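A.B. asks: First the structure, which I've put down as structure tokens, then a few questions once you've had a look.
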Amino acid sequence: WERTRGQDVFAFTNLARPAQCLVFAPNGRTLVSGGDDGVHLWDIVERRPLDMFPGPDPGLTSRDVAPKVEDLRPLLDASPAVVEFLKTHPGLLDYLDAFGHTNRTRGVTSLAFMPDGKHLLVGSSDLVRCWNFDTRAFGFAVPEKNATAAAPTVGDVFVVANNQEEGSDDERRTAHPQSALVYNFSRRRLVAELPGYGWRVAVSPDGQSVAAAS
């Protein structure tokens with residue numbers, strides 16, 4: 001949109017599935033969109049699609065089955081919060097994406113850049129993942145589902161609203177259904193929880209205040 005006149009300037013129309021969330025990259029010219037088919041990048045200056053992030057979707061493969069621990073070793077080694085949760089809820093392993101730490105991100109529900117402008121948080125249908133936006137290298141994940149992620153403009157925290165429906169008997173249950181969470185980015189650990197507010201979440205620019213909706 002052209003802001004001052006409120007007019008449509010151009011549109012990207014080649015998405016196979018609707019975009020569920022949008023965020024501008026810190027460079028100001030790359031638009032990032034997320035949806036059921038993953039994360040797409042767009043150049044708003046040249047008005048053209050770029051590619052998928054962090055890479056092309058490999059599609060269905062012979063390994064597109066419930067993963068084993070060995071398949072997820074890179075993710076688990078980098079994600080202490082996921083490892084801790086799997087100790088008490090091992091059934092979740094069957095529902096994780098074996099390619100979720102390589103070049104596939106599906107069921108995207110939210111996108112947010114950390115204050116350093118280098119790391120992208122991707123909320124999705126199984127975990128919240130962090131990627132280095134420049135190198136496209138996987139960082140870590142936290143065990144929150146159907147999540148909205150948000151980050152301040154300064155500081156070392158990010159916040160997540162886990163909108164998964166509560167159900168203690170569901171093997172797909174993640175760590176904190178229907179809760180707002182504050183995570184420490186460097187330590188990759190939960191530091192605060194507000195149960196009952198898992199719909200949407202926002203954090204103040206200085207990182208000192210969190211707003212959560214139920």
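Residues in the structure tokens are numbered from 1 in each chain, the chains being A, B, ... in the order shown, and ligands are numbered from 1 in the order shown.
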Please list as a list in words every residue within 7 Å of range 127-132 of chain A, counting only C-alpha atoms and excluding residues in the same chain fewer than 2 positions away.

C.D. replies: Lys118, His119, Leu120, Leu121, Val122, Gly123, Ser124, Ser125, Asp134, Thr135, Arg136, Ala137, Phe138, Gly139, Phe140, Ala141, Val142, Pro143, Glu144, Lys145 and Ala147 of chain A

A.B. asks: Mind checking which residues fall within 12 Å of Pro115 in chain A, counting only C-alpha atoms, ignoring those fewer than 3 positions away in the same chain, and posting them as number ranges by chain?

C.D. replies: A: 25-26, 112, 118-121, 150-158, 185, 205-207

A.B. asks: Which of these, A:Val159, A:Leu76, A:Leu111, A:Val83, has the shortest distance to His40 in chain A once you count only C-alpha atoms?

C.D. replies: A:Leu111

A.B. asks: Which polymer residues have any atom within 6 Å of an atom of range 193-200 of chain A, counting only C-alpha atoms, with same-chain residues fewer than 6 positions away left out, as a list in words?

C.D. replies: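 Residues meeting the cut-off are Ala161, Asn162, Asn163, Gln178, Ser179, Ala180, Leu181, Ala212, Ala213 and Ser214 of chain A.
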
A.B. asks: Name the residues of chain A that fall into helix (DSSP H, G or I) according to DSSP on the backbone, using the chain letters and numbers of this document, as a list in words.

C.D. replies: Arg73, Pro74, Leu75, Leu76, Asp77, Ala78, Pro80, Ala81, Val82, Val83, Glu84, Phe85, Leu86, Lys87, Thr88, Pro90, Gly91, Leu92, Leu93, Asp94 and Tyr95 of chain A

A.B. asks: Selection from above, C-alpha atoms, as a PDB file, in the first residue's frame, can you write it?

C.D. replies:
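Below you can see again12.pdb, which holds the result:
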```
ATOM      1  CA  ARG A  73      19.530 -34.764  17.077  1.00  0.00           C
ATOM      2  CA  PRO A  74      20.534 -31.322  15.678  1.00  0.00           C
ATOM      3  CA  LEU A  75      17.293 -29.831  17.001  1.00  0.00           C
ATOM      4  CA  LEU A  76      17.494 -31.534  20.390  1.00  0.00           C
ATOM      5  CA  ASP A  77      21.155 -30.691  20.968  1.00  0.00           C
ATOM      6  CA  ALA A  78      20.329 -27.000  20.521  1.00  0.00           C
ATOM      7  CA  PRO A  80      17.171 -27.645  26.108  1.00  0.00           C
ATOM      8  CA  ALA A  81      13.535 -26.695  26.695  1.00  0.00           C
ATOM      9  CA  VAL A  82      12.356 -29.274  24.141  1.00  0.00           C
ATOM     10  CA  VAL A  83      14.592 -31.976  25.626  1.00  0.00           C
ATOM     11  CA  GLU A  84      13.287 -31.249  29.131  1.00  0.00           C
ATOM     12  CA  PHE A  85       9.672 -31.509  28.007  1.00  0.00           C
ATOM     13  CA  LEU A  86      10.212 -34.744  26.065  1.00  0.00           C
ATOM     14  CA  LYS A  87      11.491 -36.424  29.234  1.00  0.00           C
ATOM     15  CA  THR A  88       7.970 -36.329  30.659  1.00  0.00           C
ATOM     16  CA  PRO A  90       7.886 -38.636  24.983  1.00  0.00           C
ATOM     17  CA  GLY A  91       4.777 -39.143  22.841  1.00  0.00           C
ATOM     18  CA  LEU A  92       5.249 -35.669  21.343  1.00  0.00           C
ATOM     19  CA  LEU A  93       8.275 -36.968  19.446  1.00  0.00           C
ATOM     20  CA  ASP A  94       5.988 -38.838  17.028  1.00  0.00           C
ATOM     21  CA  TYR A  95       4.407 -35.568  15.901  1.00  0.00           C
TER      22      TYR A  95
END
```

A.B. asks: At a cut-off of 12 Å, using only C-alpha atoms, what residues contact range 8-15 of chain A? Leave out same-chain residues fewer than 4 positions from it and give the result as a list in words.

C.D. replies: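 Within the cut-off, the hits are Trp1, Glu2, Arg3, Thr4, Ala19, Gln20, Leu31, Val32, Ser33, Gly34, Gly35, Asp36, Asp37, Gly38, Val39, His40, Leu41, Trp42, Asp43, Ile44, Val45, Glu46, Arg47, Arg48, Pro49, Leu50, Asp51 and Met52 of chain A.
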
A.B. asks: My list of candidates is A:Arg5, A:Ala149, A:Ala202, A:Gln208. Which is closest to Thr109 in chain A when distances are computed with only C-alpha atoms?

C.D. replies: A:Ala149

A.B. asks: Report the distance between CA of Leu96 in chain A and CA of Pro67 in chain A in Å, rounded to one decimal place.

C.D. replies: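 That distance, rounded to one decimal, is 7.0 Å.
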
A.B. asks: Enter the distance from CA of Leu72 in chain A to CA of Gln164 in chain A, in Å, rounded to one decimal.

C.D. replies: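 So the two atoms, CA of Leu72 in chain A and CA of Gln164 in chain A, lie 22.3 Å apart.
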
A.B. asks: Per DSSP on the backbone, filter range 16-153 of chain A down to the residues in strand (DSSP E or B) and report them as number ranges by chain.

C.D. replies: A: 19-24, 30-35, 38-43, 48-53, 110-113, 119-123, 128-132, 138-142, 147-150

A.B. asks: Those same residues - C-alpha atoms - I'd like them written as a JSON list (two decimals), in the first residue's frame.

C.D. replies:
```json
[["chain", "number", "residue", "atom", "x", "y", "z"],
["A", 19, "ALA", "CA", -0.45, -15.97, 4.37],
["A", 20, "GLN", "CA", -1.17, -16.14, 8.10],
["A", 21, "CYS", "CA", 1.45, -13.60, 9.21],
["A", 22, "LEU", "CA", 3.78, -10.95, 7.79],
["A", 23, "VAL", "CA", 6.88, -9.12, 8.98],
["A", 24, "PHE", "CA", 9.45, -6.86, 7.32],
["A", 30, "THR", "CA", 12.46, -7.98, 2.25],
["A", 31, "LEU", "CA", 8.94, -8.97, 3.24],
["A", 32, "VAL", "CA", 8.57, -12.28, 5.09],
["A", 33, "SER", "CA", 5.27, -14.17, 4.98],
["A", 34, "GLY", "CA", 4.27, -17.35, 6.77],
["A", 35, "GLY", "CA", 1.46, -19.84, 6.31],
["A", 38, "GLY", "CA", 6.01, -22.41, 5.05],
["A", 39, "VAL", "CA", 7.93, -19.12, 5.00],
["A", 40, "HIS", "CA", 8.27, -17.07, 1.81],
["A", 41, "LEU", "CA", 10.53, -14.09, 1.07],
["A", 42, "TRP", "CA", 9.60, -11.19, -1.20],
["A", 43, "ASP", "CA", 11.55, -8.20, -2.57],
["A", 48, "ARG", "CA", 9.19, -10.07, -7.04],
["A", 49, "PRO", "CA", 9.18, -13.28, -4.99],
["A", 50, "LEU", "CA", 12.58, -14.44, -3.80],
["A", 51, "ASP", "CA", 12.50, -17.96, -2.38],
["A", 52, "MET", "CA", 11.38, -20.02, 0.57],
["A", 53, "PHE", "CA", 13.04, -19.72, 3.95],
["A", 110, "SER", "CA", 3.67, -16.03, 13.55],
["A", 111, "LEU", "CA", 6.95, -14.31, 12.68],
["A", 112, "ALA", "CA", 9.12, -11.93, 14.72],
["A", 113, "PHE", "CA", 12.68, -10.63, 14.56],
["A", 119, "HIS", "CA", 17.39, -13.97, 14.28],
["A", 120, "LEU", "CA", 13.88, -14.81, 13.12],
["A", 121, "LEU", "CA", 11.37, -16.48, 15.44],
["A", 122, "VAL", "CA", 8.89, -18.73, 13.64],
["A", 123, "GLY", "CA", 5.80, -19.90, 15.51],
["A", 128, "VAL", "CA", 8.54, -22.18, 17.96],
["A", 129, "ARG", "CA", 11.83, -22.21, 16.08],
["A", 130, "CYS", "CA", 14.62, -19.67, 15.83],
["A", 131, "TRP", "CA", 16.72, -19.23, 12.69],
["A", 132, "ASN", "CA", 19.66, -17.02, 11.76],
["A", 138, "PHE", "CA", 18.79, -23.35, 12.58],
["A", 139, "GLY", "CA", 19.24, -21.97, 16.08],
["A", 140, "PHE", "CA", 16.93, -23.68, 18.57],
["A", 141, "ALA", "CA", 13.29, -24.45, 19.36],
["A", 142, "VAL", "CA", 10.95, -24.18, 22.34],
["A", 147, "ALA", "CA", 2.02, -19.90, 18.92],
["A", 148, "THR", "CA", 2.25, -16.17, 18.53],
["A", 149, "ALA", "CA", 5.83, -14.97, 19.07],
["A", 150, "ALA", "CA", 6.88, -11.39, 19.78]]
```

A.B. asks: What's the separation between CA of Arg173 in chain A and CA of Ala192 in chain A, in Å to one decimal place?

C.D. replies: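 So the answer is 19.2 Å.
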
A.B. asks: Of the residues A:Ala98, A:Thr105, A:Thr174, A:Ser79, which is the one nearest to Ser186 in chain A, using only C-alpha atoms?

C.D. replies: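 Smallest distance to Ser186 in chain A is found for A:Ser79.
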
A.B. asks: Choose the residue, out of A:Val203, A:Glu165, A:Val191, A:Asp126, that has the smallest atom-to-atom separation from Met114 in chain A; count only C-alpha atoms.

C.D. replies: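 Answer, going by the shortest atom-to-atom distance: A:Val203.
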